Every structure is written in structure tokens, then in C-alpha cells.
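Asks: Contents of final_14.txt (compact mmCIF, C-alpha atoms and all ligand atoms) are below:
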# COMPACT_ATOMS: atom_id res chain seq x y z
CA MET G 158 210.39 182.75 37.50
CA SER G 159 213.80 183.26 39.14
CA LEU G 160 213.94 184.39 42.74
CA PRO G 161 215.12 187.94 41.96
CA ALA G 162 212.37 188.27 39.37
CA ARG G 163 209.83 187.05 41.89
CA LEU G 164 211.07 189.55 44.45
CA ALA G 165 210.82 192.30 41.90
CA VAL G 166 207.19 191.40 41.26
CA VAL G 167 206.47 191.41 44.98
CA ALA G 168 208.21 194.77 45.38
CA LEU G 169 206.22 196.18 42.52
CA ALA G 170 202.99 194.87 43.95
CA LEU G 171 203.78 196.37 47.33
CA SER G 172 204.89 199.74 46.03
CA LEU G 173 202.36 200.33 43.30
CA PRO G 174 199.30 201.25 45.31
CA LEU G 175 201.28 203.66 47.49
CA SER G 176 203.12 205.31 44.68
CA ALA G 177 199.87 205.64 42.77
CA GLY G 178 198.47 207.53 45.74
CA ARG G 179 195.32 205.42 46.06
CA ALA G 180 196.23 202.94 48.73
CA ARG G 181 193.42 200.50 49.26
CA ALA G 182 193.83 197.65 51.62
CA ALA G 183 193.00 194.32 50.05
CA ASP G 184 189.44 193.18 50.79
CA THR G 185 188.99 191.28 54.01
CA VAL G 186 187.66 187.84 53.18
CA VAL G 187 184.94 186.86 55.62
CA LYS G 188 184.46 183.11 55.78
CA ILE G 189 180.99 181.76 56.42
CA GLY G 190 180.52 178.06 57.18
CA ALA G 191 177.32 176.55 55.79
CA ALA G 192 176.42 173.26 57.48
CA LEU G 193 173.67 171.81 55.30
CA SER G 194 172.07 168.39 54.93
CA LEU G 195 173.41 167.33 51.54
CA THR G 196 172.86 163.64 52.35
CA GLY G 197 170.41 161.79 54.61
CA PRO G 198 166.69 162.32 55.14
CA ALA G 199 166.93 166.14 54.98
CA ALA G 200 168.95 166.24 51.73
CA VAL G 201 165.98 167.64 49.78
CA TYR G 202 166.13 170.77 51.93
CA GLY G 203 169.94 171.04 51.87
CA ALA G 204 170.26 171.13 48.09
CA SER G 205 167.84 174.01 47.92
CA GLN G 206 169.55 175.84 50.78
CA LYS G 207 172.93 175.53 49.10
CA ALA G 208 171.60 177.21 45.97
CA GLY G 209 170.17 180.05 48.08
CA VAL G 210 173.38 180.64 50.04
CA GLN G 211 175.53 180.67 46.90
CA ALA G 212 173.20 183.06 45.06
CA ALA G 213 173.07 185.53 47.95
CA LEU G 214 176.81 185.42 48.45
CA ASP G 215 177.45 186.17 44.78
CA GLU G 216 174.93 189.02 44.87
CA VAL G 217 176.38 190.62 48.00
CA ASN G 218 179.91 190.40 46.61
CA LYS G 219 178.86 191.78 43.23
CA SER G 220 176.96 194.68 44.78
CA GLY G 221 179.97 196.16 46.57
CA HIS G 222 177.55 196.84 49.42
CA LEU G 223 180.17 195.83 51.98
CA LYS G 224 183.15 198.18 51.69
CA GLY G 225 186.44 196.29 51.85
CA VAL G 226 184.72 193.01 52.66
CA LYS G 227 184.20 189.97 50.47
CA LEU G 228 182.15 187.02 51.66
CA ALA G 229 183.35 183.46 51.10
CA VAL G 230 181.51 180.27 51.95
CA VAL G 231 182.64 176.82 53.04
CA PHE G 232 179.91 174.23 52.42
CA GLU G 233 179.90 171.08 54.52
CA ASP G 234 177.41 168.22 54.67
CA ASP G 235 175.87 167.74 58.12
CA GLY G 236 174.52 164.38 56.95
CA SER G 237 171.13 165.10 58.60
CA THR G 238 172.63 163.75 61.85
CA LYS G 239 173.74 165.15 65.19
CA GLU G 240 177.12 163.41 65.01
CA GLN G 241 178.09 164.78 61.63
CA GLY G 242 176.68 168.19 62.54
CA ILE G 243 178.96 168.30 65.58
CA ALA G 244 181.99 167.28 63.49
CA VAL G 245 181.26 169.95 60.89
CA PHE G 246 180.82 172.66 63.53
CA GLN G 247 184.15 171.67 65.12
CA ARG G 248 185.84 172.00 61.74
CA PHE G 249 184.24 175.40 61.11
CA ILE G 250 185.17 176.72 64.54
CA ASN G 251 188.72 175.42 64.88
CA LYS G 252 190.08 174.69 61.42
CA ASP G 253 188.30 176.99 58.96
CA LYS G 254 187.95 179.67 61.65
CA VAL G 255 184.75 180.96 60.10
CA ALA G 256 183.26 184.30 61.18
CA ALA G 257 179.72 182.90 61.28
CA ILE G 258 177.84 179.67 60.63
CA ILE G 259 174.64 179.11 58.63
CA GLY G 260 172.70 175.94 59.49
CA PRO G 261 172.58 173.12 60.34
CA THR G 262 169.50 172.09 58.36
CA LEU G 263 167.56 170.15 60.97
CA SER G 264 166.54 171.36 64.44
CA ASN G 265 167.52 167.89 65.62
CA THR G 266 171.13 168.49 64.51
CA ALA G 267 171.12 172.07 65.80
CA THR G 268 170.26 170.99 69.34
CA ALA G 269 173.56 169.07 69.37
CA ALA G 270 175.84 171.32 67.26
CA ASP G 271 174.79 174.87 68.21
CA PRO G 272 176.04 174.59 71.82
CA LEU G 273 179.60 174.17 70.44
CA ALA G 274 179.35 177.41 68.46
CA HIS G 275 177.84 179.24 71.39
CA ALA G 276 180.64 178.05 73.70
CA ALA G 277 183.28 179.11 71.14
CA LYS G 278 181.51 182.48 70.63
CA VAL G 279 180.85 181.89 66.94
CA PRO G 280 177.55 183.39 65.74
CA VAL G 281 175.07 180.99 64.12
CA VAL G 282 172.18 181.87 61.84
CA ALA G 283 169.58 179.10 61.66
CA VAL G 284 167.81 179.23 58.32
CA SER G 285 165.53 176.19 58.60
CA ASN G 286 165.27 175.20 62.27
CA THR G 287 161.66 175.56 63.34
CA ALA G 288 161.45 173.80 66.71
CA PRO G 289 160.35 176.65 68.98
CA LYS G 290 162.46 175.52 71.92
CA GLY G 291 166.07 174.32 72.11
CA ILE G 292 167.55 176.52 69.37
CA THR G 293 167.92 180.27 70.06
CA ASP G 294 167.53 179.65 73.79
CA ILE G 295 170.89 177.82 73.69
CA GLY G 296 172.44 181.27 74.03
CA ASP G 297 173.06 184.70 72.57
CA TYR G 298 175.34 183.56 69.74
CA ILE G 299 172.42 181.65 68.22
CA TRP G 300 170.07 183.61 65.92
CA ARG G 301 167.46 182.41 63.48
CA VAL G 302 165.84 183.54 60.29
CA SER G 303 163.34 180.66 60.00
CA LEU G 304 159.95 181.22 61.62
CA THR G 305 159.17 178.55 64.21
CA GLU G 306 156.27 176.14 64.01
CA GLY G 307 154.81 178.20 66.85
CA GLN G 308 154.92 181.31 64.67
CA VAL G 309 153.30 179.62 61.66
CA ILE G 310 150.97 176.76 62.58
CA PRO G 311 148.44 178.44 64.92
CA GLY G 312 147.68 181.16 62.34
CA ALA G 313 147.50 178.64 59.50
CA LEU G 314 145.08 176.46 61.48
CA LYS G 315 142.92 179.43 62.35
CA ARG G 316 142.59 180.35 58.68
CA LEU G 317 141.82 176.75 57.78
CA GLN G 318 139.22 176.42 60.49
CA ASN G 319 137.37 179.42 59.07
CA LYS G 320 137.47 177.74 55.67
CA LEU G 321 136.92 174.07 56.51
CA HIS G 322 134.99 174.30 59.82
CA PHE G 323 136.66 171.21 61.31
CA LYS G 324 135.68 170.15 64.83
CA LYS G 325 137.62 166.92 65.28
CA ALA G 326 141.27 166.31 64.36
CA ALA G 327 143.74 163.42 64.22
CA VAL G 328 147.50 163.90 64.47
CA LEU G 329 150.37 161.76 63.15
CA TYR G 330 153.96 162.71 64.02
CA GLY G 331 157.55 161.47 64.08
CA ASN G 332 158.66 160.68 67.59
CA ASP G 333 162.43 160.47 66.94
CA ASP G 334 163.21 164.02 65.85
CA ALA G 335 163.34 167.37 67.68
CA PHE G 336 161.46 169.16 64.90
CA THR G 337 158.67 166.61 64.36
CA GLN G 338 158.11 166.33 68.11
CA ALA G 339 158.04 170.10 68.54
CA GLY G 340 155.68 170.42 65.59
CA PHE G 341 153.33 167.97 67.26
CA ALA G 342 153.39 169.95 70.52
CA VAL G 343 152.52 173.12 68.61
CA MET G 344 149.71 171.40 66.67
CA LYS G 345 148.25 169.93 69.84
CA ALA G 346 148.30 173.28 71.66
CA ALA G 347 146.82 175.11 68.67
CA LEU G 348 144.01 172.57 68.29
CA GLU G 349 143.22 172.75 71.99
CA ALA G 350 143.25 176.54 71.94
CA SER G 351 140.80 176.56 69.03
CA GLY G 352 138.44 174.16 70.78
CA THR G 353 139.09 171.35 68.29
CA ALA G 354 138.82 167.85 69.74
CA ILE G 355 141.84 165.62 69.18
CA ALA G 356 140.27 162.26 68.35
CA GLY G 357 143.57 160.37 68.23
CA THR G 358 147.34 160.58 67.91
CA GLN G 359 149.77 158.16 66.24
CA THR G 360 153.54 158.15 65.78
CA PHE G 361 156.21 156.82 63.42
CA ALA G 362 160.03 157.03 63.17
CA LYS G 363 162.24 158.35 60.33
CA PRO G 364 163.22 154.91 58.94
CA ASP G 365 159.56 153.81 58.70
CA ARG G 366 158.06 153.45 55.23
CA ASP G 367 154.72 151.79 56.04
CA TYR G 368 152.17 153.95 57.86
CA ASN G 369 149.10 151.86 57.13
CA ALA G 370 148.52 150.74 60.73
CA GLN G 371 148.63 154.30 62.06
CA LEU G 372 146.52 155.71 59.23
CA THR G 373 143.92 152.96 59.51
CA ALA G 374 143.58 153.54 63.25
CA LEU G 375 143.18 157.30 62.79
CA LYS G 376 140.75 156.93 59.87
CA ALA G 377 138.49 154.75 62.04
CA LEU G 378 138.04 157.72 64.40
CA ALA G 379 136.47 159.71 61.54
CA PRO G 380 138.19 163.05 62.19
CA ASP G 381 137.43 166.10 60.01
CA ILE G 382 141.12 166.81 59.42
CA LEU G 383 144.54 165.11 59.67
CA LEU G 384 147.60 167.01 60.91
CA VAL G 385 151.04 165.57 60.14
CA SER G 386 154.41 166.57 61.60
CA ALA G 387 157.02 164.84 59.40
CA LEU G 388 160.11 165.41 57.28
CA ALA G 389 159.56 165.40 53.51
CA ASP G 390 160.49 161.74 52.93
CA ASN G 391 157.99 160.43 55.46
CA ALA G 392 155.45 163.09 54.49
CA ALA G 393 155.22 161.87 50.89
CA GLY G 394 154.69 158.27 52.01
CA ILE G 395 152.08 159.24 54.58
CA VAL G 396 150.05 161.35 52.14
CA THR G 397 150.26 158.66 49.45
CA GLN G 398 149.19 155.83 51.75
CA ALA G 399 146.35 157.86 53.28
CA ARG G 400 144.88 158.41 49.82
CA GLN G 401 145.47 154.74 48.90
CA LEU G 402 143.31 153.84 51.90
CA GLY G 403 140.59 155.94 50.30
CA TRP G 404 140.88 158.48 53.09
CA ASN G 405 140.12 161.88 51.60
CA VAL G 406 140.18 164.01 54.72
CA PRO G 407 142.02 167.40 54.40
CA ILE G 408 145.69 167.01 55.40
CA VAL G 409 147.71 169.82 56.98
CA GLY G 410 151.47 169.44 57.25
CA GLY G 411 154.11 171.16 59.34
CA ASN G 412 157.26 172.76 57.92
CA GLY G 413 158.62 169.43 56.69
CA PHE G 414 155.97 169.57 53.94
CA ASN G 415 157.35 172.80 52.48
CA SER G 416 159.64 171.04 49.99
CA PRO G 417 158.55 170.41 46.38
CA ALA G 418 159.96 166.91 47.01
CA LEU G 419 156.62 166.20 48.71
CA ILE G 420 154.79 166.88 45.43
CA LYS G 421 157.38 165.07 43.32
CA ASN G 422 157.25 161.95 45.47
CA ALA G 423 153.54 161.87 46.35
CA GLY G 424 152.32 162.91 42.89
CA PRO G 425 148.55 163.44 42.61
CA ALA G 426 148.11 162.27 46.23
CA ALA G 427 149.65 165.59 47.33
CA GLU G 428 146.84 167.62 45.73
CA GLY G 429 144.94 169.65 48.30
CA VAL G 430 147.53 169.31 51.08
CA TYR G 431 147.89 172.50 53.17
CA VAL G 432 151.01 173.86 54.81
CA GLY G 433 151.82 177.11 56.57
CA THR G 434 154.93 178.71 55.04
CA ALA G 435 157.49 181.36 55.89
CA TRP G 436 157.81 182.38 52.25
CA ASN G 437 155.05 183.99 50.24
CA LYS G 438 156.35 183.12 46.80
CA VAL G 439 153.92 185.43 45.02
CA SER G 440 154.78 188.47 47.11
CA ALA G 441 155.10 191.49 44.83
CA GLU G 442 157.70 193.11 47.11
CA ALA G 443 160.76 194.24 45.16
CA ALA G 444 163.19 192.08 47.18
CA ASN G 445 161.14 188.96 46.41
CA GLN G 446 160.75 189.78 42.73
CA ALA G 447 164.50 190.41 42.47
CA PHE G 448 165.14 187.07 44.17
CA LEU G 449 162.80 185.24 41.78
CA LYS G 450 164.44 186.85 38.77
CA LEU G 451 167.91 186.05 40.03
CA MET G 452 167.06 182.40 40.67
CA ARG G 453 165.45 182.11 37.23
CA GLU G 454 168.71 183.36 35.73
CA ARG G 455 170.54 180.69 37.72
CA ASN G 456 168.07 178.01 36.53
CA VAL G 457 166.91 177.31 40.08
CA ASP G 458 163.22 176.89 40.91
CA PRO G 459 163.35 178.20 44.48
CA ASP G 460 161.35 176.93 47.46
CA GLN G 461 160.95 178.30 50.97
CA PHE G 462 164.25 176.74 52.07
CA CYS G 463 166.12 178.47 49.27
CA ALA G 464 164.52 181.84 50.13
CA GLN G 465 165.36 181.41 53.82
CA ALA G 466 168.99 180.43 53.14
CA TYR G 467 169.32 183.41 50.80
CA THR G 468 167.95 185.62 53.55
CA GLY G 469 170.45 184.17 56.05
CA VAL G 470 173.35 185.50 53.97
CA LEU G 471 171.64 188.89 53.55
CA VAL G 472 171.25 189.10 57.32
CA ILE G 473 174.95 188.34 57.90
CA ALA G 474 175.91 190.97 55.30
CA GLU G 475 173.62 193.52 56.96
CA ALA G 476 175.12 192.71 60.38
CA ILE G 477 178.60 193.41 58.98
CA LYS G 478 177.33 196.66 57.49
CA GLN G 479 175.72 197.65 60.80
CA SER G 480 179.07 197.02 62.51
CA GLY G 481 180.76 199.56 60.26
CA ASN G 482 182.04 196.85 57.88
CA LYS G 483 183.81 195.10 60.75
CA SER G 484 183.52 191.37 60.42
CA GLY G 485 184.88 189.68 63.53
CA ARG G 486 182.68 187.07 65.21
CA ASP G 487 181.55 189.55 67.86
CA ASP G 488 181.06 192.35 65.34
CA ILE G 489 178.67 190.12 63.41
CA ARG G 490 176.82 189.08 66.52
CA ALA G 491 176.46 192.70 67.64
CA GLY G 492 175.32 193.63 64.14
CA PHE G 493 172.45 191.13 64.20
CA ALA G 494 170.75 193.13 66.92
CA LYS G 495 170.75 196.15 64.60
CA VAL G 496 169.11 194.39 61.64
CA LYS G 497 165.78 196.18 61.31
CA ALA G 498 163.11 195.78 58.63
CA LEU G 499 165.68 194.45 56.17
CA ALA G 500 164.23 193.94 52.67
CA THR G 501 164.42 190.20 51.96
CA PRO G 502 162.52 187.63 49.86
CA LEU G 503 160.69 186.70 53.08
CA GLY G 504 159.46 190.25 53.58
CA ARG G 505 160.76 192.96 55.91
CA PHE G 506 162.95 191.06 58.34
CA SER G 507 163.93 191.89 61.94
CA PHE G 508 165.00 189.81 64.93
CA LEU G 509 162.84 189.55 68.02
CA PRO G 510 164.46 190.15 71.43
CA ASN G 511 164.88 186.35 71.82
CA ARG G 512 166.86 186.25 68.52
CA ASP G 513 164.12 184.44 66.62
CA GLY G 514 163.04 185.92 63.31
CA ASP G 515 160.09 188.18 62.73
CA HIS G 516 158.18 188.56 59.46
CA GLU G 517 154.80 187.64 57.96
CA PRO G 518 153.99 183.95 57.36
CA ALA G 519 151.62 182.69 54.63
CA LEU G 520 149.49 179.64 53.85
CA GLN G 521 149.96 177.46 50.79
CA TRP G 522 148.43 174.35 49.34
CA VAL G 523 149.22 171.95 46.56
CA LYS G 524 147.15 172.74 43.51
CA ASP G 525 147.75 171.52 39.95
CA GLY G 526 151.01 169.89 40.96
CA LYS G 527 152.59 172.87 42.67
CA PHE G 528 152.52 174.97 45.81
CA GLN G 529 150.15 177.90 45.49
CA ILE G 530 149.59 180.60 48.06
CA VAL G 531 146.08 180.52 49.53
CA PRO G 532 144.87 184.09 49.00
C1 LIG I 601 163.51 171.52 61.35
C2 LIG I 601 162.69 171.72 60.13
C3 LIG I 601 162.80 170.80 58.97
C4 LIG I 601 161.50 170.37 58.48
C5 LIG I 601 163.39 171.48 57.78
C6 LIG I 601 164.79 171.58 57.74
O1 LIG I 601 161.93 172.63 60.10
O2 LIG I 601 164.23 170.52 61.48
O3 LIG I 601 163.41 172.38 62.22
Mind converting the file's structure to C-alpha cells?
Replies:
Amino acid sequence: MSLPARLAVVALALSLPLSAGRARAADTVVKIGAALSLTGPAAVYGASQKAGVQAALDEVNKSGHLKGVKLAVVFEDDGSTKEQGIAVFQRFINKDKVAAIIGPTLSNTATAADPLAHAAKVPVVAVSNTAPKGITDIGDYIWRVSLTEGQVIPGALKRLQNKLHFKKAAVLYGNDDAFTQAGFAVMKAALEASGTAIAGTQTFAKPDRDYNAQLTALKALAPDILLVSALADNAAGIVTQARQLGWNVPIVGGNGFNSPALIKNAGPAAEGVYVGTAWNKVSAEAANQAFLKLMRERNVDPDQFCAQAYTGVLVIAEAIKQSGNKSGRDDIRAGFAKVKALATPLGRFSFLPNRDGDHEPALQWVKDGKFQIVP
């Protein structure tokens, strides 16, 4: 197109809305940065989270719920590490100039990356960090949708104690990760509070693949139950090797167990494993049923991480709405405080005064090769 022709097109574009008498400013595009573990030991969670974020974003945009605002997402891989999480956050804050950040996947990464966002006054919504301490207490730009281990495990253990009547427990946990360490602290406190004796404790690290020494030592103590705080990769190996040792004690996992990757990788050894969950997949609530239908249409079999990531986007959209469709970083942060009983796949969602999430948890176990909610 020649220059005059191009100018004519521009002139037309500029004049048309006015002359037509229905001037409507172009939609403001609100950029959200999603820092997810697409590689590394937490990649099984990240893939699921990405599907949830994308689905929610498409739904919000399609609904026209936000007047004059369209959401856009920049996905980046946090690599399941602190270093890469920091690099991604720097890019989001300074280069992409996002209005809000979702992620990073692991608590371990969040403890290193979130302080950058807080210092730059960029709101963060954690959708899978469950370490009770060291996340939202970084500061008031850090909010979270994911229930902490402290909000899930004590209740799950109480229900299981009524069912299984255990008196003596053993605990195995990862000692090189903020989440697995925090999960252990929560398990220990919950066992002590319930009067359960802790017969023994063993540890491992993320690169470990052989847990036979730890499992053999714990088995010898003859506990009634084994609690495990581990990411999905380690979890599958631990469960498999425990059963290979002929140890058939009930196993209860922390949040790391909530991925179907556990079942895929442990196979029949995963049968009967219990885990407290933030997502009641059989909830009949309309928002959950709509989510399930939507994901079916997208050929995604959702897990808790997908539902939480989906909810993270809904919460950001609601915050924008609550700010009168204003979408600056501080508008979004101020809007979070006004999110009340929002209908989400996780249930009615609100934030607590400390910016952690608040909704009902559930208990699930592996039965017939899949997670099923314990009624
Ligand atoms: C955390 C977790 C992981 C198990 C899932 C991402 O809960 O790191 O806090």
C-alpha cells in the first residue's frame, strides 16, 4: 500500500467511530505473566496449570464480563528452580511490564522470586504454593489461591484417624525443598496434636531415586501409617518401593501427591494412597460443573493444579471488576481485598486477612487407578 493510501486508512479508522457516534475506546489489554514449571521436577504440575490458565483466560475474554478489558497471558518456564524463577520474574516486571503474575509453581521458587515482585509493587497470585510460611508473609503484593498444607493436612489426618485408628506414625520427607520441609513440619505438628506417636522420621533429596534404606528403617519400627512429604516424582518412587518391600501400611501424602502423575508412574502401587486436596472434583456446584464441561471440551482431564490455576485467573478478573474495570498493578491488588465468596471450581472463594485463600478442602484417595473423593 502506498503511503497516501495508508494514511487514508488510518484517517478512516480514526474518524469512523466518532462519525458513527458510538465512540468506544479500544479494549485495554491487561498482561498477566504466568511463571510455571514447564521443565524440571515440577513439570507435571506446570503442564496442568498452563491448561487451566489458558482456559480461564479464554472464558473471561469470551464472556465480556470485564468492560473494555481483555486479558492476555505471557507463559514462561520457571524451570522448577529459584534461579530461573527469579529471571522470569525480572522479565515479567521490567520487560513485559505485566499487571499481575501467576505462579511460580513451587513454594521453593516463590520464596526467591516473590520478593522481587513485592519490591516492584507487582501483585502475585500463587496458585500452587502450599508452604504455610514464607509466601504471603513476604508482603502485601503477594496473594494466594492455593490452600496451605496447614489448611489441609490436619483436617485430612483427623478424618483418617477416625477411619483407620492409627496410634503410631512414621514420616518420610524431602529435606531440600521449602514445600516438602514445610509439609513435614505441618504433619509433625498435626500428629502431635492428635496424640499420635511419631515412631521415626527419614529424609531424602529431590535427585534421589532409591529410598530403600529409609523405607526399610521406618518399616522396622512397625508404624500404623506412613506420611510422606514429597514432590510427585519422588512420591511415585517412594510408594512403589514401599510396596515392593511388602510394606502395606496406609500411606498419606502431602500436596505433592495431588498429581495424576503419581498414579501414572506408581501404577497399582498407588492404590489406597490418601491425600488431602484443595479441589473436590465431584462437587456439584455450578462453577465446578461448568469448569469440568469446559475442560472436557478442550480435551483436558483436569487435576487440582488445573482447577487452582483456573481459579487464579478468575480471581484476577474479579479484582479488576471490583476496581471498576481498572487494571493497573495497584488497582488489581486493591481489588483482591474485595473478592468475596467468588464462585470458582474450588468452591466459594475469598481471601483471608493474611492474603491466603479460604475455601473448603476435601480428602481423596487412589481407587481403581484414579483419584476419588472420600465421601
Ligand atoms: C509447593 C507445592 C507443590 C507440591 C506443588 C506445586 O505445593 O511447592 O508449595
Asks: Counting all atoms listed in the file, figure out which residue out of G:Leu372, G:Leu419, G:Leu263, G:Val210 gets nearest to Ala399 in chain G.
Replies: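 Selected residue with least distance to Ala399 in chain G: G:Leu372.
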Asks: Compile the contact shell of range 438-452 of chain G as an MDAnalysis selection string: residues with an atom at most 12 Å away, counting only C-alpha atoms, same-chain residues fewer than 2 positions apart removed.
Replies: chainID G and resid 205 208:213 215:216 415 434:436 454:468 471 499:506 517:521 527:532
Asks: Around ligand LIG 601 (chain I), at most 8 Å away and counting all atoms listed in the file, which residues are there? Put them as a list in words, please.
Replies: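 Residues lying within 8 Å of ligand LIG 601 (chain I): Ala199, Tyr202, Gly203, Thr262, Leu263, Ser264, Asn265, Thr266, Ser285, Asn286, Thr287, Ala288, Thr305, Glu306, Asp334, Ala335, Phe336, Thr337, Ala387, Leu388, Ala389, Gly411, Asn412, Gly413, Phe414, Asn415 and Phe462 of chain G.
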Asks: Using C-alpha atoms, can you write the selected residues to a file as a PDB file, in the frame of the given file?
Replies:
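Dumped to out-v1.pdb:
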ATOM      1  CA  ALA G 199     166.930 166.140  54.980  1.00  0.00           C
ATOM      2  CA  TYR G 202     166.130 170.770  51.930  1.00  0.00           C
ATOM      3  CA  GLY G 203     169.940 171.040  51.870  1.00  0.00           C
ATOM      4  CA  THR G 262     169.500 172.090  58.360  1.00  0.00           C
ATOM      5  CA  LEU G 263     167.560 170.150  60.970  1.00  0.00           C
ATOM      6  CA  SER G 264     166.540 171.360  64.440  1.00  0.00           C
ATOM      7  CA  ASN G 265     167.520 167.890  65.620  1.00  0.00           C
ATOM      8  CA  THR G 266     171.130 168.490  64.510  1.00  0.00           C
ATOM      9  CA  SER G 285     165.530 176.190  58.600  1.00  0.00           C
ATOM     10  CA  ASN G 286     165.270 175.200  62.270  1.00  0.00           C
ATOM     11  CA  THR G 287     161.660 175.560  63.340  1.00  0.00           C
ATOM     12  CA  ALA G 288     161.450 173.800  66.710  1.00  0.00           C
ATOM     13  CA  THR G 305     159.170 178.550  64.210  1.00  0.00           C
ATOM     14  CA  GLU G 306     156.270 176.140  64.010  1.00  0.00           C
ATOM     15  CA  ASP G 334     163.210 164.020  65.850  1.00  0.00           C
ATOM     16  CA  ALA G 335     163.340 167.370  67.680  1.00  0.00           C
ATOM     17  CA  PHE G 336     161.460 169.160  64.900  1.00  0.00           C
ATOM     18  CA  THR G 337     158.670 166.610  64.360  1.00  0.00           C
ATOM     19  CA  ALA G 387     157.020 164.840  59.400  1.00  0.00           C
ATOM     20  CA  LEU G 388     160.110 165.410  57.280  1.00  0.00           C
ATOM     21  CA  ALA G 389     159.560 165.400  53.510  1.00  0.00           C
ATOM     22  CA  GLY G 411     154.110 171.160  59.340  1.00  0.00           C
ATOM     23  CA  ASN G 412     157.260 172.760  57.920  1.00  0.00           C
ATOM     24  CA  GLY G 413     158.620 169.430  56.690  1.00  0.00           C
ATOM     25  CA  PHE G 414     155.970 169.570  53.940  1.00  0.00           C
ATOM     26  CA  ASN G 415     157.350 172.800  52.480  1.00  0.00           C
ATOM     27  CA  PHE G 462     164.250 176.740  52.070  1.00  0.00           C
TER      28      PHE G 462
END
Asks: Neighbours of Val284 in chain G within 7 Å (all atoms listed in the file; same-chain residues fewer than 3 positions away dropped), as a ChimeraX atom specification?
Replies: /G:259-260,301-303,465-466,469
Asks: Quick one: distance from CA of Arg453 in chain G to CA of Phe232 in chain G in Å, one decimal?
Replies: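 Pair CA of Arg453 in chain G / CA of Phe232 in chain G returns 22.4 Å.
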Asks: Figure out the distance between CA of Asp513 in chain G and CA of Asp294 in chain G, please, to one decimal in Å.
Replies: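 So the answer is 9.3 Å.
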Asks: Given the choices G:Val282, G:Val430, G:Ala276, G:Val201, which gets closest to Ala474 in chain G if the distance is worked out from all atoms listed in the file?
Replies: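 When distances to Ala474 in chain G are compared using all atoms listed in the file, the smallest one comes from G:Val282.
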Asks: Do a neighbour search on Thr238 in chain G at 10 Å with only C-alpha atoms, toss out local chain neighbours closer than 3 positions, and write the hits as a PyMOL selection string.
Replies: chain G and resi 194+196-199+234-235+241-243+261-263+265-267+269-270
Asks: Which protein, DNA or RNA residues have an atom at most 7 Å from (147.8, 167.4, 61.6), counting only C-alpha atoms? List them as a list in words.
Replies: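 Residues with an atom close enough to that point: Ala327, Val328, Leu329, Met344, Leu383, Leu384, Val385, Ser386, Ile408, Val409 and Gly410 of chain G.
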Asks: For CA of Ala350 in chain G and CA of Ile382 in chain G, determine how far apart the two atoms are, in Å to one decimal place.
Replies: 16.0 Å
Asks: My list of candidates is G:Val281, G:Lys207, G:Arg366, G:Asp390. Which is closest to Ile473 in chain G when distances are computed with all atoms listed in the file?
Replies: G:Val281
Asks: If you count all atoms listed in the file, which residues fall within 12 Å of Ala370 in chain G, apart from same-chain ones fewer than 4 positions away, as a list in words?
Replies: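 The residues satisfying every condition are Leu329, Gln359, Thr360, Phe361, Asp365, Arg366, Ala374, Leu375, Lys376, Ala377, Ile395, Gln398, Ala399 and Leu402 of chain G.
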Asks: As a list of chain:residue names, please: the residues near Ala491 in chain G (cut-off 9 Å, all atoms listed in the file, same-chain neighbours under 2 positions excluded).
Replies: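 So the residues in contact are G:Ala476, G:Ile477, G:Gln479, G:Ser480, G:Arg486, G:Asp487, G:Asp488, G:Ile489, G:Phe493, G:Ala494, G:Lys495.
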Asks: Show me the residues around (185.6, 173.8, 60.0) - criterion: an atom at most 12 Å away, all atoms listed in the file counted - as a PyMOL selection string.
Replies: chain G and resi 188-192+230-235+241-258+274+279
Asks: Using all atoms listed in the file, can you tell me which of G:Pro289, G:Gly394, G:Pro280, G:Pro272 comes closest to Lys239 in chain G?
Replies: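 Of all the options, G:Pro272 lies closest to Lys239 in chain G.
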Asks: Taking into account only C-alpha atoms, which residue in the set G:His322, G:Arg490, G:Lys290, G:Arg400 is nearest to Glu428 in chain G?
Replies: G:Arg400
Asks: Using only C-alpha atoms for the distances, tell me which of G:Gly514, G:Gly236, G:Gly312, G:Gly526 is nearest to Ile420 in chain G.
Replies: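 Using only C-alpha atoms, the shortest distance to Ile420 in chain G belongs to G:Gly526.
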Asks: Taking the partial coordinates given, rebuild range 236-240 of chain G to contain all heavy atoms; return it as a PDB file, in the coordinates of the input.
Replies:
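Okay, out_24.pdb is ready:
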ATOM      1  N   GLY G 236     174.990 165.757  57.008  1.00  0.00           N
ATOM      2  CA  GLY G 236     174.520 164.380  56.950  1.00  0.00           C
ATOM      3  C   GLY G 236     173.156 164.130  57.582  1.00  0.00           C
ATOM      4  O   GLY G 236     172.780 162.980  57.791  1.00  0.00           O
ATOM      5  N   SER G 237     172.440 165.193  57.917  1.00  0.00           N
ATOM      6  CA  SER G 237     171.130 165.100  58.600  1.00  0.00           C
ATOM      7  C   SER G 237     171.253 164.460  59.992  1.00  0.00           C
ATOM      8  O   SER G 237     170.251 164.024  60.545  1.00  0.00           O
ATOM      9  CB  SER G 237     170.096 164.309  57.777  1.00  0.00           C
ATOM     10  OG  SER G 237     170.000 164.756  56.451  1.00  0.00           O
ATOM     11  N   THR G 238     172.475 164.394  60.534  1.00  0.00           N
ATOM     12  CA  THR G 238     172.630 163.750  61.850  1.00  0.00           C
ATOM     13  C   THR G 238     173.311 164.693  62.853  1.00  0.00           C
ATOM     14  O   THR G 238     174.035 165.612  62.472  1.00  0.00           O
ATOM     15  CB  THR G 238     173.513 162.478  61.782  1.00  0.00           C
ATOM     16  OG1 THR G 238     174.870 162.864  61.472  1.00  0.00           O
ATOM     17  CG2 THR G 238     172.996 161.493  60.745  1.00  0.00           C
ATOM     18  N   LYS G 239     173.089 164.388  64.116  1.00  0.00           N
ATOM     19  CA  LYS G 239     173.740 165.150  65.190  1.00  0.00           C
ATOM     20  C   LYS G 239     175.257 164.969  65.145  1.00  0.00           C
ATOM     21  O   LYS G 239     176.006 165.929  65.278  1.00  0.00           O
ATOM     22  CB  LYS G 239     173.235 164.650  66.554  1.00  0.00           C
ATOM     23  CG  LYS G 239     171.804 165.031  66.849  1.00  0.00           C
ATOM     24  CD  LYS G 239     171.428 164.568  68.254  1.00  0.00           C
ATOM     25  CE  LYS G 239     170.017 165.013  68.588  1.00  0.00           C
ATOM     26  NZ  LYS G 239     169.572 164.570  69.904  1.00  0.00           N
ATOM     27  N   GLU G 240     175.687 163.718  64.958  1.00  0.00           N
ATOM     28  CA  GLU G 240     177.120 163.410  65.010  1.00  0.00           C
ATOM     29  C   GLU G 240     177.888 164.164  63.940  1.00  0.00           C
ATOM     30  O   GLU G 240     178.915 164.783  64.225  1.00  0.00           O
ATOM     31  CB  GLU G 240     177.341 161.894  64.844  1.00  0.00           C
ATOM     32  CG  GLU G 240     176.780 161.037  65.973  1.00  0.00           C
ATOM     33  CD  GLU G 240     175.240 160.932  65.975  1.00  0.00           C
ATOM     34  OE1 GLU G 240     174.612 161.188  64.914  1.00  0.00           O
ATOM     35  OE2 GLU G 240     174.669 160.622  67.034  1.00  0.00           O
TER      36      GLU G 240
END
